[in-house]
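Trainee: Pasting structure.txt here (compact mmCIF, C-alpha atoms):
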```
# COMPACT_ATOMS: atom_id res chain seq x y z
CA GLY A 1 1.39 -7.57 -12.78
CA ALA A 2 -0.57 -10.68 -12.14
CA GLY A 3 -3.96 -9.02 -12.14
CA VAL A 4 -5.73 -5.79 -12.96
CA SER A 5 -4.54 -3.11 -10.58
CA GLN A 6 -6.59 -0.04 -9.70
CA SER A 7 -5.67 2.97 -7.64
CA PRO A 8 -6.65 4.53 -5.39
CA SER A 9 -8.77 1.86 -3.75
CA ASN A 10 -10.64 4.56 -1.88
CA LYS A 11 -11.00 8.24 -2.61
CA VAL A 12 -12.96 10.81 -0.64
CA THR A 13 -13.23 14.20 -2.24
CA GLU A 14 -15.20 17.39 -1.94
CA LYS A 15 -17.84 18.38 -4.43
CA GLY A 16 -16.32 20.38 -7.26
CA LYS A 17 -12.87 18.83 -7.09
CA ASP A 18 -11.31 16.83 -9.91
CA VAL A 19 -10.30 13.19 -9.42
CA GLU A 20 -8.18 10.76 -11.38
CA LEU A 21 -8.61 7.01 -11.19
CA ARG A 22 -5.94 4.73 -12.56
CA CYS A 23 -6.10 1.26 -14.05
CA ASP A 24 -3.16 -0.97 -14.89
CA PRO A 25 -4.45 -3.94 -16.91
CA ILE A 26 -3.00 -7.40 -17.17
CA SER A 27 0.14 -7.36 -19.28
CA GLY A 28 -0.66 -8.14 -22.90
CA HIS A 29 -4.35 -7.36 -22.63
CA THR A 30 -5.23 -4.95 -25.39
CA ALA A 31 -8.87 -4.37 -24.45
CA LEU A 32 -9.69 -2.26 -21.39
CA TYR A 33 -13.10 -1.39 -19.98
CA TRP A 34 -14.37 1.06 -17.37
CA TYR A 35 -17.64 0.45 -15.52
CA ARG A 36 -19.38 2.26 -12.71
CA GLN A 37 -21.34 0.50 -9.98
CA SER A 38 -23.50 2.43 -7.58
CA LEU A 39 -24.39 0.85 -4.25
CA GLY A 40 -26.45 -2.29 -4.78
CA GLN A 41 -26.76 -1.69 -8.50
CA GLY A 42 -25.51 -3.34 -11.67
CA LEU A 43 -22.58 -2.36 -13.83
CA GLU A 44 -22.93 0.78 -15.90
CA PHE A 45 -20.67 0.82 -18.95
CA LEU A 46 -18.53 3.93 -19.29
CA ILE A 47 -15.89 3.44 -21.96
CA TYR A 48 -13.96 0.76 -23.81
CA PHE A 49 -10.44 0.90 -25.24
CA GLN A 50 -8.87 -1.31 -27.86
CA GLY A 51 -5.22 -0.44 -27.67
CA ASN A 52 -5.04 3.33 -27.23
CA SER A 53 -8.20 4.11 -29.12
CA ALA A 54 -11.70 4.20 -27.69
CA PRO A 55 -14.20 2.74 -30.20
CA ASP A 56 -17.02 3.24 -27.74
CA LYS A 57 -17.32 6.28 -25.47
CA SER A 58 -21.08 6.16 -25.42
CA GLY A 59 -21.36 5.41 -21.74
CA LEU A 60 -19.60 8.47 -20.39
CA PRO A 61 -22.35 10.22 -18.37
CA SER A 62 -21.32 13.79 -19.14
CA ASP A 63 -18.50 15.91 -20.49
CA ARG A 64 -17.08 16.01 -16.98
CA PHE A 65 -15.91 12.46 -17.56
CA SER A 66 -12.95 11.62 -19.74
CA ALA A 67 -10.55 8.74 -20.11
CA GLU A 68 -7.32 8.09 -21.84
CA ARG A 69 -5.00 5.21 -22.37
CA THR A 70 -1.37 5.55 -23.27
CA GLY A 71 1.09 2.98 -24.54
CA GLY A 72 -1.70 0.46 -24.85
CA SER A 73 -1.46 -0.15 -21.13
CA VAL A 74 -2.37 2.13 -18.23
CA SER A 75 -5.65 4.02 -18.38
CA THR A 76 -6.78 7.05 -16.42
CA LEU A 77 -10.41 7.98 -15.83
CA THR A 78 -10.79 11.65 -14.94
CA ILE A 79 -13.87 13.18 -13.39
CA GLN A 80 -13.90 16.97 -13.33
CA ARG A 81 -15.95 19.08 -10.93
CA THR A 82 -17.21 16.03 -9.08
CA GLN A 83 -20.82 15.85 -7.96
CA GLN A 84 -22.36 13.77 -5.20
CA GLU A 85 -24.05 11.53 -7.76
CA ASP A 86 -20.59 10.52 -9.00
CA SER A 87 -20.13 8.55 -5.76
CA ALA A 88 -19.75 4.91 -6.78
CA VAL A 89 -17.26 2.13 -7.26
CA TYR A 90 -15.40 2.47 -10.54
CA LEU A 91 -14.38 -0.89 -11.92
CA CYS A 92 -11.74 -1.49 -14.55
CA ALA A 93 -11.45 -4.71 -16.52
CA SER A 94 -9.22 -6.01 -19.26
CA SER A 95 -9.26 -8.84 -21.75
CA PHE A 96 -6.99 -10.24 -24.41
CA ARG A 97 -7.86 -8.55 -27.72
CA GLY A 98 -11.46 -8.25 -26.58
CA ALA A 99 -11.87 -12.02 -26.54
CA GLY A 100 -12.49 -14.26 -23.59
CA GLU A 101 -13.68 -13.20 -20.22
CA LEU A 102 -13.09 -9.87 -18.56
CA PHE A 103 -10.63 -9.76 -15.69
CA PHE A 104 -11.66 -7.15 -13.16
CA GLY A 105 -9.71 -5.02 -10.76
CA GLU A 106 -10.89 -4.54 -7.20
CA GLY A 107 -12.32 -1.16 -8.00
CA SER A 108 -11.88 2.41 -6.83
CA ARG A 109 -14.50 3.55 -4.38
CA LEU A 110 -15.22 7.24 -4.87
CA THR A 111 -17.10 9.24 -2.27
CA VAL A 112 -18.00 12.84 -3.07
CA LEU A 113 -18.97 14.86 -0.01
CA ALA B 1 -34.17 -2.70 -25.58
CA GLN B 2 -32.10 -4.27 -22.84
CA LYS B 3 -29.35 -6.49 -24.14
CA ILE B 4 -29.32 -8.63 -21.00
CA THR B 5 -32.34 -9.19 -18.77
CA GLN B 6 -32.22 -10.74 -15.34
CA THR B 7 -35.73 -10.82 -13.94
CA GLN B 8 -34.96 -12.10 -10.46
CA PRO B 9 -33.69 -9.30 -8.21
CA GLY B 10 -33.38 -11.71 -5.30
CA MET B 11 -33.40 -15.47 -4.82
CA PHE B 12 -33.23 -17.77 -1.81
CA VAL B 13 -32.08 -21.38 -1.80
CA GLN B 14 -31.61 -23.96 0.89
CA GLU B 15 -28.08 -25.15 1.42
CA LYS B 16 -27.27 -28.27 -0.66
CA GLU B 17 -30.18 -27.61 -3.03
CA ALA B 18 -29.83 -26.57 -6.69
CA VAL B 19 -30.86 -23.13 -7.92
CA THR B 20 -31.40 -21.62 -11.36
CA LEU B 21 -30.69 -17.96 -12.07
CA ASP B 22 -32.42 -16.66 -15.16
CA CYS B 23 -30.86 -14.66 -17.97
CA THR B 24 -32.24 -13.72 -21.37
CA TYR B 25 -30.39 -11.79 -24.01
CA ASP B 26 -31.13 -9.81 -27.13
CA THR B 27 -28.88 -9.85 -30.16
CA SER B 28 -29.12 -10.19 -33.90
CA ASP B 29 -25.49 -11.19 -34.12
CA GLN B 30 -24.62 -14.79 -34.94
CA SER B 31 -21.34 -14.64 -33.04
CA TYR B 32 -21.53 -13.81 -29.38
CA GLY B 33 -20.45 -15.07 -25.99
CA LEU B 34 -22.34 -15.38 -22.74
CA PHE B 35 -20.73 -15.06 -19.34
CA TRP B 36 -21.69 -15.33 -15.69
CA TYR B 37 -19.90 -13.46 -12.93
CA LYS B 38 -20.21 -13.68 -9.17
CA GLN B 39 -19.77 -10.64 -6.95
CA PRO B 40 -19.57 -11.43 -3.21
CA SER B 41 -19.97 -8.71 -0.62
CA SER B 42 -16.25 -8.03 -0.86
CA GLY B 43 -16.95 -6.48 -4.27
CA GLU B 44 -14.60 -8.46 -6.48
CA MET B 45 -15.97 -9.75 -9.77
CA ILE B 46 -15.31 -13.46 -10.23
CA PHE B 47 -15.71 -15.11 -13.62
CA LEU B 48 -17.72 -18.34 -13.37
CA ILE B 49 -18.58 -19.76 -16.76
CA TYR B 50 -18.64 -19.03 -20.50
CA GLN B 51 -20.84 -20.22 -23.37
CA GLY B 52 -20.11 -19.42 -27.00
CA SER B 53 -22.96 -18.98 -29.43
CA TYR B 54 -21.65 -21.78 -31.62
CA ASP B 55 -21.13 -24.22 -28.75
CA GLU B 56 -23.58 -27.08 -29.06
CA GLN B 57 -23.04 -28.44 -25.59
CA ASN B 58 -23.98 -26.62 -22.41
CA ALA B 59 -20.95 -25.30 -20.55
CA THR B 60 -20.11 -26.77 -17.15
CA GLU B 61 -17.56 -25.73 -14.54
CA GLY B 62 -17.69 -27.75 -11.36
CA ARG B 63 -20.99 -27.01 -9.62
CA TYR B 64 -21.90 -24.40 -12.24
CA SER B 65 -23.63 -25.19 -15.49
CA LEU B 66 -25.14 -22.96 -18.12
CA ASN B 67 -28.49 -23.97 -19.57
CA PHE B 68 -28.13 -22.50 -23.06
CA GLN B 69 -31.32 -22.34 -25.12
CA LYS B 70 -30.37 -20.49 -28.26
CA ALA B 71 -33.80 -20.31 -29.87
CA ARG B 72 -35.26 -18.83 -26.69
CA LYS B 73 -32.19 -16.60 -26.21
CA SER B 74 -31.74 -17.72 -22.67
CA ALA B 75 -28.59 -18.57 -20.74
CA ASN B 76 -29.62 -19.61 -17.26
CA LEU B 77 -27.02 -20.40 -14.61
CA VAL B 78 -27.57 -23.53 -12.58
CA ILE B 79 -25.73 -23.91 -9.29
CA SER B 80 -25.90 -27.41 -7.86
CA ALA B 81 -25.44 -28.35 -4.20
CA SER B 82 -25.55 -24.74 -2.99
CA GLN B 83 -23.10 -23.68 -0.33
CA LEU B 84 -23.21 -20.76 2.11
CA GLY B 85 -20.32 -19.21 0.20
CA ASP B 86 -22.50 -19.00 -2.90
CA SER B 87 -24.40 -16.10 -1.35
CA ALA B 88 -23.55 -13.18 -3.63
CA MET B 89 -24.72 -11.08 -6.57
CA TYR B 90 -24.66 -12.88 -9.89
CA PHE B 91 -24.36 -11.04 -13.18
CA CYS B 92 -25.07 -12.35 -16.65
CA ALA B 93 -23.13 -10.70 -19.49
CA MET B 94 -22.86 -10.88 -23.26
CA ARG B 95 -20.13 -9.97 -25.69
CA GLU B 96 -21.11 -9.31 -29.29
CA ALA B 97 -18.49 -9.52 -32.00
CA ARG B 98 -20.51 -7.16 -34.20
CA THR B 99 -20.34 -4.29 -31.71
CA GLY B 100 -16.60 -4.54 -31.34
CA ASN B 101 -16.51 -6.80 -28.35
CA GLN B 102 -18.58 -4.59 -26.12
CA PHE B 103 -19.64 -6.36 -22.93
CA TYR B 104 -23.23 -5.90 -21.76
CA PHE B 105 -24.19 -6.74 -18.18
CA GLY B 106 -27.55 -7.49 -16.64
CA THR B 107 -28.78 -5.86 -13.45
CA GLY B 108 -27.90 -8.88 -11.38
CA THR B 109 -29.56 -11.38 -9.07
CA SER B 110 -28.85 -11.45 -5.37
CA LEU B 111 -28.63 -15.05 -4.16
CA THR B 112 -28.92 -15.95 -0.50
CA VAL B 113 -28.16 -19.49 0.63
CA ILE B 114 -30.05 -20.46 3.76
CA PRO B 115 -28.42 -22.92 6.17
```
Now that the file is in, can you turn its structure into structure tokens?
Mentor:
Amino acid sequence: GAGVSQSPSNKVTEKGKDVELRCDPISGHTALYWYRQSLGQGLEFLIYFQGNSAPDKSGLPSDRFSAERTGGSVSTLTIQRTQQEDSAVYLCASSFRGAGELFFGEGSRLTVL
Amino acid sequence: AQKITQTQPGMFVQEKEAVTLDCTYDTSDQSYGLFWYKQPSSGEMIFLIYQGSYDEQNATEGRYSLNFQKARKSANLVISASQLGDSAMYFCAMREARTGNQFYFGTGTSLTVIP
């Protein structure tokens, strides 16, 4: 696609449920990043992929969070047993081989009731 | 230590005036890149301008310029002739080659342009 695509754009879930957020990066971009942005706050780094491997998982807040990337393209961020503090916008970004600027998707807004 | 520091949580500027948004960074790497992004209320992240650590000239893109002072480790964004549409959050970011191209973001500055 022309840009970074994220789905769903909005997700409302009940506390304790699992959610999956998807990111489809720009074709040919080997680097993929996940960030979390709470209301009115900055970007919190979650995880970074180069190809299918994740050199840096240091930002994942807890073991309830996991991410994978297959085929060097689509990535899925999974949050298990969601908590209210997981409510945020989850932003995905990609770049070409980790160089140049990041291109961001429009984000997935997660609300945990 | 914070990799990127933006000390101005909020700024106001009169329409048509220039404004400087501050950004300092912390790295021991010789090779790094500095970026500014704009995030309007719609939430999208818009890339504005890039400065490489080896670039000797300050980057410019239209009304945006980056005041790069390497010795002081600062990379301030200057917006000239402010417009109402410039009202947004602005984030400074750094990519370090040494850390595998990790991107670090500051906490942002909220800019409001007053008519």
Trainee: Ranking A:Gly28, A:Leu46, A:Tyr33, A:Leu60 by minimum distance to Gly105 (chain A) and counting all atoms listed in the file, which one comes first?
Mentor: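 Smallest separation from Gly105 (chain A) among the options: A:Tyr33.
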Trainee: Please identify all polymer residues within 7 Å of region 95-111 of chain B, counting all atoms listed in the file, omitting same-chain residues fewer than 3 positions from it, and present them as a list in words.
Mentor: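 The neighbour list is Gln41, Gly42, Leu43 and Gly98 of chain A; Lys3, Ile4, Thr5, Gln6, Gln8, Pro9, Gly10, Met11, Phe12, Asp29, Ser31, Tyr32, Gly33, Leu34, Ser87, Ala88, Met89, Tyr90, Phe91 and Cys92 of chain B.
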Trainee: Okay, now the selection with C-alpha atoms, as a CSV table (one decimal), in the coordinates of the input?
Mentor:
```csv
chain,number,residue,atom,x,y,z
A,41,GLN,CA,-26.8,-1.7,-8.5
A,42,GLY,CA,-25.5,-3.3,-11.7
A,43,LEU,CA,-22.6,-2.4,-13.8
A,98,GLY,CA,-11.5,-8.2,-26.6
B,3,LYS,CA,-29.4,-6.5,-24.1
B,4,ILE,CA,-29.3,-8.6,-21.0
B,5,THR,CA,-32.3,-9.2,-18.8
B,6,GLN,CA,-32.2,-10.7,-15.3
B,8,GLN,CA,-35.0,-12.1,-10.5
B,9,PRO,CA,-33.7,-9.3,-8.2
B,10,GLY,CA,-33.4,-11.7,-5.3
B,11,MET,CA,-33.4,-15.5,-4.8
B,12,PHE,CA,-33.2,-17.8,-1.8
B,29,ASP,CA,-25.5,-11.2,-34.1
B,31,SER,CA,-21.3,-14.6,-33.0
B,32,TYR,CA,-21.5,-13.8,-29.4
B,33,GLY,CA,-20.4,-15.1,-26.0
B,34,LEU,CA,-22.3,-15.4,-22.7
B,87,SER,CA,-24.4,-16.1,-1.4
B,88,ALA,CA,-23.6,-13.2,-3.6
B,89,MET,CA,-24.7,-11.1,-6.6
B,90,TYR,CA,-24.7,-12.9,-9.9
B,91,PHE,CA,-24.4,-11.0,-13.2
B,92,CYS,CA,-25.1,-12.4,-16.6
```
Trainee: Enumerate, in order of chain and increasing residue number, the residues of chain A with an atom no farther than 9 Å from chain B, each with its shortest atom pair and distance in Å to one decimal, counting only C-alpha atoms, as a Markdown table.
Mentor:
```
| residue | atom | partner | partner_atom | distance |
| --- | --- | --- | --- | --- |
| A:Ala31 | CA | B:Asn101 | CA | 8.9 |
| A:Tyr33 | CA | B:Phe103 | CA | 8.7 |
| A:Gln41 | CA | B:Thr107 | CA | 6.8 |
| A:Gly42 | CA | B:Thr107 | CA | 4.5 |
| A:Leu43 | CA | B:Phe105 | CA | 6.4 |
| A:Glu44 | CA | B:Phe105 | CA | 8.0 |
| A:Phe45 | CA | B:Tyr104 | CA | 7.7 |
| A:Tyr48 | CA | B:Gln102 | CA | 7.4 |
| A:Pro55 | CA | B:Gly100 | CA | 7.7 |
| A:Asp56 | CA | B:Gln102 | CA | 8.1 |
| A:Arg97 | CA | B:Asn101 | CA | 8.8 |
| A:Gly98 | CA | B:Asn101 | CA | 5.5 |
| A:Ala99 | CA | B:Asn101 | CA | 7.2 |
| A:Gly100 | CA | B:Gly33 | CA | 8.4 |
| A:Glu101 | CA | B:Phe47 | CA | 7.2 |
| A:Leu102 | CA | B:Phe47 | CA | 7.7 |
| A:Phe103 | CA | B:Phe47 | CA | 7.7 |
| A:Phe104 | CA | B:Met45 | CA | 6.1 |
| A:Gly105 | CA | B:Glu44 | CA | 7.4 |
| A:Glu106 | CA | B:Glu44 | CA | 5.4 |
| A:Gly107 | CA | B:Glu44 | CA | 7.8 |
```
Trainee: Quick one: distance from CA of Thr27 (chain B) to CA of Phe96 (chain A) in Å, one decimal?
Mentor: 22.6 Å
Trainee: Rounded to one decimal in Å, what is the spacing between CA of Ser75 (chain A) and CA of Cys23 (chain A)?
Mentor: 5.2 Å
Trainee: What lies within 9 Å of Thr111 (chain A) using only C-alpha atoms, ignoring chain neighbours under 2 positions off, as a list in words?
Mentor: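 Residues meeting the cut-off are Asn10, Lys11, Val12, Thr13, Glu14, Gln84, Asp86, Ser87, Ala88, Val89, Arg109 and Leu113 of chain A.
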Trainee: Would you put the residues from that selection into a file with C-alpha atoms, as a short mmCIF file (atom, residue, chain, number, x, y, z; two decimals), in the frame of the given file?
Mentor:
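Generated file (out-v6.cif):
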```cif
data_model
loop_
_atom_site.label_atom_id
_atom_site.label_comp_id
_atom_site.auth_asym_id
_atom_site.auth_seq_id
_atom_site.Cartn_x
_atom_site.Cartn_y
_atom_site.Cartn_z
CA ASN A 10 -10.64 4.56 -1.88
CA LYS A 11 -11.00 8.24 -2.61
CA VAL A 12 -12.96 10.81 -0.64
CA THR A 13 -13.23 14.20 -2.24
CA GLU A 14 -15.20 17.39 -1.94
CA GLN A 84 -22.36 13.77 -5.20
CA ASP A 86 -20.59 10.52 -9.00
CA SER A 87 -20.13 8.55 -5.76
CA ALA A 88 -19.75 4.91 -6.78
CA VAL A 89 -17.26 2.13 -7.26
CA ARG A 109 -14.50 3.55 -4.38
CA LEU A 113 -18.97 14.86 -0.01
#
```
Trainee: If you measure from CA of Lys38 (chain B) to CA of Ile79 (chain A), what distance in Å do you get, rounded to one decimal?
Mentor: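 Separation between CA of Lys38 (chain B) and CA of Ile79 (chain A): 27.9 Å.
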Trainee: Identify, on the basis of only C-alpha atoms, every residue whose closest approach to Ile114 (chain B) does not exceed 7 Å; exclude the query and any residue fewer than 2 positions from it along the same chain; express the result as a list in words.
Mentor: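 In the requested form, the answer reads Phe12, Val13, Gln14, Glu15 and Thr112 of chain B.
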Trainee: Go ahead and find all residues with at least one atom no further than 10 Å from (-21.5, 7.8, -20.0) in the file's coordinates, using only C-alpha atoms; report them as an NGL selection string.
Mentor: :A and (35-36 or 44-47 or 57-66)
Trainee: Nearest to Ser73 (chain A) among A:Leu91, A:Val19, A:Ile26, A:Ala2, with distances taken over only C-alpha atoms: which residue is it?
Mentor: A:Ile26
Trainee: Using all atoms listed in the file, which protein or nucleic acid residues come within 10 Å of Thr70 (chain A)? Drop anything in the same chain fewer than 2 positions from it, and give the result as number ranges by chain.
Mentor: A: 51-53, 68, 72-76
